[in-house]
$ cat data.txt   # compact mmCIF, C-alpha atoms
# COMPACT_ATOMS: atom_id res chain seq x y z
CA MET A 1 120.12 155.52 95.39
CA ARG A 2 118.54 152.65 93.44
CA GLU A 3 118.40 154.70 90.25
CA VAL A 4 122.04 155.72 90.56
CA PHE A 5 122.96 152.09 91.09
CA GLN A 6 121.06 150.94 87.99
CA GLU A 7 122.59 153.70 85.92
CA GLN A 8 126.13 152.84 87.02
CA LEU A 9 125.47 149.16 86.46
CA GLY A 10 124.29 150.00 82.95
CA LYS A 11 127.53 151.87 82.27
CA LEU A 12 129.51 148.90 83.54
CA ALA A 13 127.56 146.62 81.18
CA ASP A 14 128.39 149.01 78.32
CA GLU A 15 132.07 148.77 79.19
CA LEU A 16 131.94 144.97 79.15
CA ALA A 17 130.02 145.04 75.86
CA SER A 18 132.71 147.26 74.41
CA MET A 19 135.39 144.82 75.63
CA SER A 20 133.49 142.00 73.87
CA THR A 21 133.65 143.98 70.65
CA MET A 22 137.37 144.57 71.11
CA VAL A 23 138.25 140.92 71.73
CA GLY A 24 135.95 139.72 68.93
CA ARG A 25 137.68 142.06 66.52
CA ALA A 26 141.10 141.03 67.84
CA MET A 27 140.30 137.36 67.25
CA GLU A 28 138.90 138.10 63.80
CA ARG A 29 142.08 139.92 62.80
CA ALA A 30 144.38 137.42 64.48
CA THR A 31 142.70 134.59 62.57
CA LYS A 32 143.05 136.51 59.30
CA ALA A 33 146.71 137.20 60.10
CA LEU A 34 147.20 133.50 60.82
CA LEU A 35 145.49 132.26 57.66
CA GLU A 36 146.99 134.85 55.31
CA ALA A 37 150.41 135.26 56.99
CA ASP A 38 149.58 138.97 57.30
CA LEU A 39 152.33 140.48 59.45
CA LYS A 40 150.85 143.96 59.59
CA LEU A 41 147.53 142.70 60.87
CA ALA A 42 149.27 140.48 63.44
CA GLU A 43 151.23 143.45 64.71
CA GLN A 44 148.09 145.53 64.96
CA VAL A 45 146.45 142.91 67.19
CA ILE A 46 149.61 142.73 69.31
CA GLU A 47 149.80 146.50 69.72
CA GLU A 48 146.12 146.92 70.50
CA ASP A 49 145.94 144.28 73.24
CA VAL A 50 146.95 146.88 75.81
CA GLN A 51 143.61 148.61 75.15
CA VAL A 52 141.78 145.51 76.34
CA ASP A 53 143.91 145.43 79.49
CA GLU A 54 143.17 149.10 80.12
CA ALA A 55 139.44 148.61 79.55
CA ARG A 56 139.50 145.78 82.04
CA ALA A 57 141.28 147.91 84.64
CA ARG A 58 138.73 150.69 84.13
CA ALA A 59 135.78 148.30 84.42
CA GLU A 60 137.23 146.84 87.61
CA GLU A 61 137.74 150.34 89.07
CA HIS A 62 134.14 151.24 88.28
CA ALA A 63 132.93 148.03 89.90
CA PHE A 64 134.98 148.89 93.00
CA GLY A 65 133.44 152.35 93.05
CA LEU A 66 129.96 150.86 92.85
CA LEU A 67 130.68 148.45 95.70
CA ALA A 68 132.24 151.12 97.90
CA LEU A 69 129.62 153.82 97.34
CA GLN A 70 126.45 151.79 97.01
CA ALA A 71 127.28 148.77 99.20
CA PRO A 72 124.88 146.55 97.26
CA VAL A 73 123.63 143.30 98.84
CA ALA A 74 122.03 140.06 97.62
CA GLY A 75 121.38 139.95 93.87
CA ASP A 76 122.87 143.39 93.23
CA LEU A 77 126.10 142.39 94.92
CA ARG A 78 126.28 139.20 92.82
CA THR A 79 125.70 141.21 89.68
CA VAL A 80 128.58 143.59 90.42
CA ILE A 81 130.94 140.72 91.30
CA SER A 82 129.89 139.02 88.05
CA THR A 83 131.04 142.06 86.11
CA ILE A 84 134.48 141.76 87.74
CA HIS A 85 134.68 138.11 86.72
CA ALA A 86 133.40 138.92 83.23
CA ALA A 87 136.04 141.62 82.77
CA GLU A 88 138.69 139.05 83.72
CA ASP A 89 137.33 136.50 81.21
CA LEU A 90 137.21 139.13 78.48
CA GLU A 91 140.78 140.24 79.15
CA ARG A 92 141.85 136.60 78.91
CA MET A 93 140.03 136.29 75.57
CA GLY A 94 142.08 139.26 74.40
CA ASP A 95 145.25 137.50 75.55
CA LEU A 96 144.33 134.40 73.56
CA ALA A 97 143.77 136.47 70.40
CA LEU A 98 147.19 138.01 71.14
CA HIS A 99 148.75 134.53 71.33
CA VAL A 100 147.31 133.69 67.91
CA ALA A 101 148.67 136.95 66.46
CA LYS A 102 152.10 136.26 67.99
CA ALA A 103 152.17 132.81 66.41
CA ALA A 104 151.41 134.42 63.02
CA ARG A 105 154.21 136.95 63.54
CA ARG A 106 156.72 134.36 64.79
CA ARG A 107 156.48 132.23 61.64
CA HIS A 108 156.18 135.14 59.17
CA PRO A 109 156.67 135.08 56.16
CA SER A 110 155.90 131.36 56.37
CA ALA A 111 152.36 130.25 57.02
CA VAL A 112 151.96 128.70 60.48
CA LEU A 113 149.33 126.22 59.38
CA PRO A 114 149.59 123.45 56.81
CA ALA A 115 146.95 124.00 54.11
CA ASP A 116 144.88 121.00 55.16
CA VAL A 117 144.13 122.34 58.64
CA GLN A 118 143.48 125.92 57.54
CA PRO A 119 139.73 125.31 57.03
CA TYR A 120 139.45 124.11 60.64
CA PHE A 121 141.01 127.30 61.91
CA ALA A 122 138.88 129.45 59.60
CA GLU A 123 135.87 127.75 61.17
CA MET A 124 137.19 127.98 64.74
CA GLY A 125 137.88 131.66 64.14
CA ARG A 126 134.37 132.17 62.82
CA ILE A 127 132.85 130.52 65.92
CA ALA A 128 135.14 132.49 68.25
CA VAL A 129 134.09 135.79 66.67
CA LYS A 130 130.45 134.71 66.78
CA LEU A 131 130.78 133.88 70.48
CA ALA A 132 132.32 137.27 71.24
CA GLY A 133 129.35 138.90 69.46
CA ARG A 134 126.89 136.77 71.41
CA VAL A 135 128.62 137.64 74.68
CA ARG A 136 128.15 141.29 73.82
CA SER A 137 124.47 140.82 73.17
CA VAL A 138 123.96 138.65 76.29
CA ILE A 139 125.63 141.28 78.47
CA GLN A 140 123.39 143.97 77.05
CA THR A 141 120.11 142.08 76.96
CA GLN A 142 120.57 139.66 79.88
CA ASP A 143 118.80 137.18 77.59
CA VAL A 144 119.09 133.82 79.33
CA ASP A 145 118.04 131.75 76.29
CA SER A 146 120.67 133.38 74.14
CA ALA A 147 123.26 132.81 76.90
CA ARG A 148 122.33 129.12 77.03
CA GLY A 149 122.49 128.92 73.23
CA MET A 150 126.18 129.77 73.39
CA GLU A 151 126.83 126.30 74.79
CA GLU A 152 126.01 124.90 71.34
CA ASP A 153 128.63 127.08 69.67
CA ASP A 154 131.07 125.93 72.32
CA ASP A 155 130.22 122.27 71.57
CA GLU A 156 130.92 122.97 67.91
CA MET A 157 134.27 124.49 68.87
CA ASP A 158 135.10 121.43 70.98
CA ASP A 159 134.22 119.11 68.08
CA LEU A 160 136.52 121.02 65.74
CA HIS A 161 139.24 121.00 68.38
CA ARG A 162 138.95 117.23 68.84
CA HIS A 163 138.95 116.73 65.09
CA LEU A 164 142.27 118.58 64.82
CA PHE A 165 143.85 115.87 66.97
CA THR A 166 142.43 113.17 64.70
CA VAL A 167 144.00 114.94 61.71
CA MET A 168 147.40 115.24 63.40
CA MET A 169 147.42 111.63 64.63
CA SER A 170 146.49 110.27 61.21
CA PRO A 171 149.20 108.42 59.28
CA ASN A 172 148.54 110.94 56.48
CA TRP A 173 149.93 113.79 58.56
CA SER A 174 152.98 114.79 56.57
CA HIS A 175 153.86 118.12 58.18
CA GLY A 176 156.06 116.85 60.96
CA VAL A 177 156.38 117.67 64.61
CA ALA A 178 156.91 121.46 64.47
CA ALA A 179 153.63 122.07 62.65
CA ALA A 180 151.83 119.69 65.03
CA VAL A 181 153.13 121.65 68.01
CA ASP A 182 151.84 124.91 66.50
CA VAL A 183 148.48 123.40 65.61
CA THR A 184 148.14 121.94 69.13
CA LEU A 185 148.79 125.26 70.83
CA LEU A 186 146.68 127.30 68.43
CA GLY A 187 143.79 124.86 68.73
CA ARG A 188 143.93 125.23 72.48
CA PHE A 189 143.87 129.06 72.22
CA TYR A 190 140.62 128.98 70.24
CA GLU A 191 139.07 126.40 72.52
CA ARG A 192 139.92 128.44 75.63
CA PHE A 193 138.61 131.62 73.98
CA ALA A 194 135.24 129.89 73.59
CA ASP A 195 135.36 128.58 77.18
CA HIS A 196 135.83 132.08 78.55
CA ALA A 197 132.96 133.42 76.42
CA VAL A 198 130.72 130.68 77.80
CA SER A 199 131.90 131.43 81.30
CA VAL A 200 130.70 135.05 80.96
CA ALA A 201 127.36 133.83 79.60
CA ARG A 202 126.95 131.40 82.51
CA ARG A 203 127.45 134.19 84.99
CA VAL A 204 124.80 136.24 83.24
CA VAL A 205 122.43 133.28 83.58
CA PHE A 206 123.35 132.98 87.24
CA THR A 207 122.81 136.67 87.83
CA VAL A 208 119.39 136.59 86.20
CA THR A 209 118.09 133.25 87.47
CA GLY A 210 120.08 132.77 90.68
CA LYS A 211 121.18 129.34 89.40
CA MET A 212 124.55 128.44 87.88
CA PRO A 213 124.03 126.35 84.72
CA THR A 214 125.66 122.94 84.97
CA SER A 215 128.01 122.22 82.12
CA MET B 1 132.86 145.67 113.53
CA ARG B 2 136.52 145.95 112.60
CA GLU B 3 137.45 142.96 114.73
CA VAL B 4 134.70 140.83 113.20
CA PHE B 5 135.90 141.86 109.75
CA GLN B 6 139.51 140.90 110.50
CA GLU B 7 138.43 137.61 111.98
CA GLN B 8 136.30 136.74 108.95
CA LEU B 9 139.05 137.81 106.60
CA GLY B 10 141.43 135.53 108.50
CA LYS B 11 139.04 132.62 108.01
CA LEU B 12 138.84 133.40 104.30
CA ALA B 13 142.65 133.39 104.10
CA ASP B 14 142.66 129.99 105.84
CA GLU B 15 140.24 128.65 103.23
CA LEU B 16 142.48 129.88 100.40
CA ALA B 17 145.54 128.43 102.13
CA SER B 18 143.75 125.11 102.37
CA MET B 19 142.89 125.30 98.65
CA SER B 20 146.60 125.89 97.91
CA THR B 21 147.42 122.72 99.82
CA MET B 22 144.79 120.80 97.87
CA VAL B 23 145.98 121.93 94.43
CA GLY B 24 149.65 121.45 95.35
CA ARG B 25 148.91 117.89 96.43
CA ALA B 26 146.81 117.31 93.31
CA MET B 27 149.67 118.45 91.07
CA GLU B 28 152.17 116.36 93.02
CA ARG B 29 150.06 113.23 92.57
CA ALA B 30 149.16 114.02 88.96
CA THR B 31 152.86 114.38 88.14
CA LYS B 32 153.65 111.08 89.87
CA ALA B 33 150.76 109.43 87.99
CA LEU B 34 152.12 110.87 84.74
CA LEU B 35 155.71 109.78 85.30
CA GLU B 36 154.93 106.33 86.70
CA ALA B 37 151.79 105.59 84.64
CA ASP B 38 149.97 105.12 87.95
CA LEU B 39 146.29 104.76 87.07
CA LYS B 40 145.06 104.59 90.65
CA LEU B 41 146.75 107.84 91.57
CA ALA B 42 145.47 109.53 88.41
CA GLU B 43 141.92 108.47 89.27
CA GLN B 44 142.31 109.77 92.80
CA VAL B 45 143.26 113.23 91.49
CA ILE B 46 140.34 113.15 89.06
CA GLU B 47 137.86 112.17 91.80
CA GLU B 48 139.14 114.70 94.29
CA ASP B 49 139.00 117.73 91.98
CA VAL B 50 135.38 118.32 92.97
CA GLN B 51 136.64 119.13 96.47
CA VAL B 52 138.62 122.06 95.07
CA ASP B 53 135.54 123.29 93.21
CA GLU B 54 133.48 123.05 96.39
CA ALA B 55 136.13 124.85 98.43
CA ARG B 56 136.12 127.63 95.87
CA ALA B 57 132.32 127.95 96.00
CA ARG B 58 132.48 128.11 99.82
CA ALA B 59 135.24 130.74 99.78
CA GLU B 60 133.29 132.84 97.29
CA GLU B 61 130.13 132.56 99.43
CA HIS B 62 132.06 133.69 102.49
CA ALA B 63 133.51 136.62 100.56
CA PHE B 64 129.98 137.58 99.48
CA GLY B 65 128.85 137.39 103.09
CA LEU B 66 131.69 139.66 104.15
CA LEU B 67 130.87 142.20 101.44
CA ALA B 68 127.15 142.18 102.20
CA LEU B 69 127.40 142.37 106.00
CA GLN B 70 130.48 144.54 106.46
CA ALA B 71 130.34 146.69 103.31
CA PRO B 72 134.11 147.25 103.40
CA VAL B 73 135.61 150.17 101.47
CA ALA B 74 139.06 151.14 100.14
CA GLY B 75 141.83 148.67 101.01
CA ASP B 76 139.49 146.29 102.82
CA LEU B 77 137.25 146.07 99.80
CA ARG B 78 140.23 145.36 97.54
CA THR B 79 141.38 142.65 99.88
CA VAL B 80 138.04 140.86 99.80
CA ILE B 81 137.81 141.09 96.01
CA SER B 82 141.37 139.72 95.82
CA THR B 83 140.25 136.65 97.71
CA ILE B 84 137.53 136.06 95.11
CA HIS B 85 140.12 136.30 92.32
CA ALA B 86 142.53 134.08 94.26
CA ALA B 87 139.87 131.42 94.75
CA GLU B 88 139.29 131.46 90.98
CA ASP B 89 143.02 131.10 90.24
CA LEU B 90 143.32 128.25 92.72
CA GLU B 91 140.35 126.41 91.24
CA ARG B 92 141.96 126.76 87.83
CA MET B 93 145.22 125.32 89.21
CA GLY B 94 143.16 122.34 90.38
CA ASP B 95 141.71 122.00 86.86
CA LEU B 96 145.20 121.96 85.36
CA ALA B 97 146.31 119.20 87.76
CA LEU B 98 143.14 117.38 86.70
CA HIS B 99 144.12 117.73 83.02
CA VAL B 100 147.53 116.18 83.79
CA ALA B 101 145.86 113.29 85.64
CA LYS B 102 143.44 112.75 82.75
CA ALA B 103 146.34 112.57 80.28
CA ALA B 104 147.96 109.91 82.49
CA ARG B 105 144.70 107.94 82.59
CA ARG B 106 144.02 108.29 78.86
CA ARG B 107 147.31 106.66 77.87
CA HIS B 108 147.39 104.02 80.62
CA PRO B 109 149.01 101.46 80.71
CA SER B 110 151.41 103.22 78.31
CA ALA B 111 153.55 106.05 79.59
CA VAL B 112 152.45 109.41 78.14
CA LEU B 113 155.96 110.83 78.02
CA PRO B 114 158.99 109.59 76.12
CA ALA B 115 161.80 108.81 78.57
CA ASP B 116 163.95 111.73 77.41
CA VAL B 117 161.42 114.40 78.42
CA GLN B 118 160.46 112.80 81.73
CA PRO B 119 163.15 114.68 83.68
CA TYR B 120 161.72 118.01 82.42
CA PHE B 121 158.28 117.11 83.70
CA ALA B 122 159.66 115.86 87.00
CA GLU B 123 161.28 119.28 87.36
CA MET B 124 158.21 121.22 86.19
CA GLY B 125 156.13 119.20 88.67
CA ARG B 126 158.58 120.01 91.45
CA ILE B 127 158.39 123.75 90.69
CA ALA B 128 154.59 123.64 90.42
CA VAL B 129 154.29 121.97 93.83
CA LYS B 130 156.79 124.44 95.28
CA LEU B 131 154.77 127.36 93.90
CA ALA B 132 151.55 126.01 95.42
CA GLY B 133 153.36 125.81 98.78
CA ARG B 134 154.66 129.35 98.40
CA VAL B 135 151.20 130.62 97.51
CA ARG B 136 149.94 129.05 100.71
CA SER B 137 152.59 130.78 102.76
CA VAL B 138 152.16 134.15 100.97
CA ILE B 139 148.40 134.05 101.62
CA GLN B 140 148.98 133.38 105.29
CA THR B 141 151.90 135.73 105.92
CA GLN B 142 151.18 138.48 103.33
CA ASP B 143 154.97 138.48 102.89
CA VAL B 144 155.61 140.71 99.88
CA ASP B 145 159.24 139.61 99.39
CA SER B 146 158.23 135.99 99.31
CA ALA B 147 155.44 136.83 96.85
CA ARG B 148 157.93 138.61 94.59
CA GLY B 149 160.33 135.66 94.90
CA MET B 150 157.75 133.45 93.22
CA GLU B 151 158.49 135.23 89.94
CA GLU B 152 161.86 133.46 89.89
CA ASP B 153 160.25 130.06 90.16
CA ASP B 154 157.93 131.08 87.37
CA ASP B 155 160.92 132.10 85.21
CA GLU B 156 162.44 128.69 85.84
CA MET B 157 159.16 127.08 84.75
CA ASP B 158 159.13 129.20 81.58
CA ASP B 159 162.72 128.18 80.79
CA LEU B 160 161.85 124.51 81.15
CA HIS B 161 158.75 125.02 79.05
CA ARG B 162 160.74 126.70 76.27
CA HIS B 163 163.35 123.98 76.44
CA LEU B 164 160.69 121.34 75.81
CA PHE B 165 160.03 122.95 72.43
CA THR B 166 163.72 122.83 71.58
CA VAL B 167 163.74 119.12 72.38
CA MET B 168 160.68 118.43 70.25
CA MET B 169 161.93 120.47 67.29
CA SER B 170 165.33 118.79 67.34
CA PRO B 171 166.09 116.36 64.49
CA ASN B 172 166.79 113.80 67.23
CA TRP B 173 163.12 113.75 68.25
CA SER B 174 162.15 110.18 67.38
CA HIS B 175 158.81 109.90 69.14
CA GLY B 176 156.58 111.20 66.40
CA VAL B 177 153.67 113.57 66.32
CA ALA B 178 151.35 111.98 68.90
CA ALA B 179 153.94 112.23 71.67
CA ALA B 180 154.75 115.82 70.63
CA VAL B 181 151.08 116.78 70.89
CA ASP B 182 150.89 115.30 74.42
CA VAL B 183 154.13 116.99 75.48
CA THR B 184 152.92 120.33 74.07
CA LEU B 185 149.64 120.24 75.96
CA LEU B 186 151.14 118.94 79.18
CA GLY B 187 153.89 121.55 79.09
CA ARG B 188 151.26 124.23 78.74
CA PHE B 189 149.31 122.87 81.75
CA TYR B 190 152.35 123.18 84.01
CA GLU B 191 153.21 126.62 82.69
CA ARG B 192 149.66 127.88 83.26
CA PHE B 193 149.60 126.36 86.75
CA ALA B 194 152.65 128.49 87.59
CA ASP B 195 151.08 131.59 85.99
CA HIS B 196 148.00 131.28 88.18
CA ALA B 197 150.14 130.84 91.30
CA VAL B 198 152.03 134.02 90.42
CA SER B 199 148.77 135.82 89.73
CA VAL B 200 147.60 135.08 93.31
CA ALA B 201 150.95 136.29 94.67
CA ARG B 202 150.71 139.51 92.64
CA ARG B 203 147.32 140.28 94.09
CA VAL B 204 148.71 139.78 97.58
CA VAL B 205 151.46 142.30 96.75
CA PHE B 206 148.84 144.67 95.40
CA THR B 207 146.68 144.28 98.48
CA VAL B 208 149.61 144.97 100.81
CA THR B 209 151.39 147.70 98.85
CA GLY B 210 148.58 149.21 96.77
CA LYS B 211 150.72 148.66 93.66
CA MET B 212 150.35 145.90 91.09
CA PRO B 213 153.79 144.42 90.28
CA THR B 214 154.64 144.75 86.60
CA SER B 215 155.57 141.49 84.99

$ encode --input "data.txt" --output "structure tokens"
Amino acid sequence: MREVFQEQLGKLADELASMSTMVGRAMERATKALLEADLKLAEQVIEEDVQVDEARARAEEHAFGLLALQAPVAGDLRTVISTIHAAEDLERMGDLALHVAKAARRRHPSAVLPADVQPYFAEMGRIAVKLAGRVRSVIQTQDVDSARGMEEDDDEMDDLHRHLFTVMMSPNWSHGVAAAVDVTLLGRFYERFADHAVSVARRVVFTVTGKMPTS
Amino acid sequence: MREVFQEQLGKLADELASMSTMVGRAMERATKALLEADLKLAEQVIEEDVQVDEARARAEEHAFGLLALQAPVAGDLRTVISTIHAAEDLERMGDLALHVAKAARRRHPSAVLPADVQPYFAEMGRIAVKLAGRVRSVIQTQDVDSARGMEEDDDEMDDLHRHLFTVMMSPNWSHGVAAAVDVTLLGRFYERFADHAVSVARRVVFTVTGKMPTS
């Protein structure tokens, strides 16, 4: 019974790891589409989002199966419920990459971002992709230190996000209201992507240590 | 066993209904604080958000208890897992009300919103509060028609949200970039609040009918 449970839990972890890869790749491509006004790449991200939704539905079904057949208790039960939460966070990360891709498509062939904020988004994209990769590794290794380390990447994301506001509020901002609206929304998408990645990592910490990290 | 399960499930539904009341009231006050630059009210919402977080933790603990002690399967299992998701959505709705209150506090004693967009936010606030009330009633009655009806309120919210962009992009927008950034973020908070309310309602439909409504 125990062995079957561990094996099924391992498969569930693999599914979540694979979702991390999918959403990391989606955000990488969406960022490239955004920075290079690449319509084809944006459309690819938009089309492929359904795969993330399907992967989430499958993971949730497998978690249900585990609960129904194995009726885990205590720590095992928490672990399975964590996977359901993690699948939800990962699907949401996919949605946020989708939002970025849709912004790139909506403004095509124009660039969405004024040149002077592009480096911020290149950097936010880099951190987002890094976080998706770290989520993957944390899910597979259950490494608590690595999970905690993700908070630092998230702080970096928050700093960049705050800095965007400083840039837009500056008297030197010459790109008008429409660009500011786009930058505001896009900045929020990256920031939320990072929040969801950290939320998965925190649940891994909780599952392993029994304590929820305080933010 | 079955009776105990139903009784505990009823208690869990009461807890979620009470969370709906809390987040509806939070959004009502946050909107008032926003529109009337009422610092005291904003601070009340900010202080009270922890109560929503605590209610969510309690609901999740009770759901865990139900799963561990009763080991429900099939529809019963889905129902319990739905309550865990619903508690998460409701906590997030509380966070979004908190974000609105924080925006009101940040700009105090100035008003955050230019006078010409205030009516939109009054209306978005009204719909948000209405949706929280409908979520409460859907959780308690499991009324599928009422749950489906919430989609219309959500459409109304989306229309208002889209209209905000039209207002900001218009050449008549005379309030500059800073106000546009605030309006963009605040608009998104209301829209997401409605999305989470609808997400709870959809899970109720799924629990009752076995089919997830397509958006």

$ closest_atom_pairs --input "data.txt" --of "chain A" --to "chain B" --cutoff "7 Å" --atoms "only C-alpha atoms" --output "CSV"
residue,atom,partner,partner_atom,distance
A:Ala68,CA,B:Val73,CA,5.0
A:Ala71,CA,B:Ala71,CA,5.5
A:Pro72,CA,B:Ala68,CA,7.0
A:Val73,CA,B:Ala68,CA,5.0
A:Met169,CA,B:Ala178,CA,5.8
A:Gly176,CA,B:Val177,CA,6.7
A:Val177,CA,B:Val177,CA,5.2
A:Ala178,CA,B:Met169,CA,5.8
A:Ala180,CA,B:Val177,CA,6.5
A:Val181,CA,B:Val181,CA,6.0
A:Thr184,CA,B:Val181,CA,6.2

$ atom_distance --input "data.txt" --atom1 "atom CA of A:Asp53" --atom2 "atom CA of A:Glu191"
20.8 Å

$ atom_distance --input "data.txt" --atom1 "atom CA of B:Tyr120" --atom2 "atom CA of B:Tyr190"
10.8 Å

$ axis_aligned_box --input "data.txt" --around "stretch 113-129 of chain B" --padding-each-side "4 Å" --output "lines of an AutoDock Vina configuration file"
center_x = 159.1
center_y = 116.3
center_z = 85.0
size_x = 17.7
size_y = 22.9
size_z = 25.7

$ residues_around --input "data.txt" --residues "stretch 37-50 of chain A" --least-positions-apart "4" --cutoff "8 Å" --atoms "all atoms listed in the file" --output "VMD selection string"
chain A and resid 26 29 to 30 32 to 33 54 94 to 95 97 to 98 101 to 102 104 to 105 108 to 112

$ write_last_selection --input "data.txt" --atoms "C-alpha atoms" --output "compact mmCIF listing (two decimals), in the coordinates of the input"
# COMPACT_ATOMS: atom_id res chain seq x y z
CA ALA A 26 141.10 141.03 67.84
CA ARG A 29 142.08 139.92 62.80
CA ALA A 30 144.38 137.42 64.48
CA LYS A 32 143.05 136.51 59.30
CA ALA A 33 146.71 137.20 60.10
CA GLU A 54 143.17 149.10 80.12
CA GLY A 94 142.08 139.26 74.40
CA ASP A 95 145.25 137.50 75.55
CA ALA A 97 143.77 136.47 70.40
CA LEU A 98 147.19 138.01 71.14
CA ALA A 101 148.67 136.95 66.46
CA LYS A 102 152.10 136.26 67.99
CA ALA A 104 151.41 134.42 63.02
CA ARG A 105 154.21 136.95 63.54
CA HIS A 108 156.18 135.14 59.17
CA PRO A 109 156.67 135.08 56.16
CA SER A 110 155.90 131.36 56.37
CA ALA A 111 152.36 130.25 57.02
CA VAL A 112 151.96 128.70 60.48

$ atom_distance --input "data.txt" --atom1 "atom CA of A:Glu123" --atom2 "atom CA of A:Glu156"
9.6 Å

$ closest_residue --input "data.txt" --among "A:Leu16, A:Leu160, A:Val4, A:Glu28" --to "A:Pro119" --atoms "all atoms listed in the file"
A:Leu160

$ decode --input "data.txt" --residues "stretch 134-147 of chain A" --atoms "N, CA and C atoms" --output "mmCIF file, in the first residue's frame"
data_model
loop_
_atom_site.group_PDB
_atom_site.id
_atom_site.type_symbol
_atom_site.label_atom_id
_atom_site.label_comp_id
_atom_site.auth_asym_id
_atom_site.auth_seq_id
_atom_site.Cartn_x
_atom_site.Cartn_y
_atom_site.Cartn_z
ATOM 1 N N ARG A 134 13.373 26.752 -10.902
ATOM 2 C CA ARG A 134 13.621 26.397 -9.502
ATOM 3 C C ARG A 134 12.425 25.662 -8.906
ATOM 4 N N VAL A 135 11.217 26.049 -9.317
ATOM 5 C CA VAL A 135 10.029 25.336 -8.856
ATOM 6 C C VAL A 135 10.123 23.876 -9.279
ATOM 7 N N ARG A 136 10.518 23.668 -10.518
ATOM 8 C CA ARG A 136 10.658 22.305 -11.019
ATOM 9 C C ARG A 136 11.604 21.499 -10.139
ATOM 10 N N SER A 137 12.752 22.109 -9.863
ATOM 11 C CA SER A 137 13.753 21.372 -9.091
ATOM 12 C C SER A 137 13.288 21.163 -7.644
ATOM 13 N N VAL A 138 12.617 22.158 -7.064
ATOM 14 C CA VAL A 138 12.120 22.024 -5.686
ATOM 15 C C VAL A 138 11.064 20.923 -5.598
ATOM 16 N N ILE A 139 10.215 20.841 -6.604
ATOM 17 C CA ILE A 139 9.187 19.787 -6.607
ATOM 18 C C ILE A 139 9.849 18.406 -6.668
ATOM 19 N N GLN A 140 10.906 18.319 -7.455
ATOM 20 C CA GLN A 140 11.532 17.011 -7.621
ATOM 21 C C GLN A 140 12.437 16.619 -6.465
ATOM 22 N N THR A 141 13.104 17.621 -5.872
ATOM 23 C CA THR A 141 14.082 17.284 -4.831
ATOM 24 C C THR A 141 13.545 17.491 -3.426
ATOM 25 N N GLN A 142 12.439 18.258 -3.306
ATOM 26 C CA GLN A 142 11.910 18.619 -1.980
ATOM 27 C C GLN A 142 12.985 19.331 -1.157
ATOM 28 N N ASP A 143 13.870 20.054 -1.834
ATOM 29 C CA ASP A 143 14.978 20.717 -1.156
ATOM 30 C C ASP A 143 14.483 22.030 -0.528
ATOM 31 N N VAL A 144 14.414 22.029 0.791
ATOM 32 C CA VAL A 144 13.840 23.154 1.526
ATOM 33 C C VAL A 144 14.687 24.423 1.382
ATOM 34 N N ASP A 145 16.026 24.264 1.392
ATOM 35 C CA ASP A 145 16.892 25.445 1.256
ATOM 36 C C ASP A 145 16.691 26.116 -0.092
ATOM 37 N N SER A 146 16.606 25.282 -1.124
ATOM 38 C CA SER A 146 16.398 25.825 -2.462
ATOM 39 C C SER A 146 15.026 26.512 -2.541
ATOM 40 N N ALA A 147 14.017 25.915 -1.904
ATOM 41 C CA ALA A 147 12.682 26.516 -1.883
ATOM 42 C C ALA A 147 12.732 27.884 -1.214
#
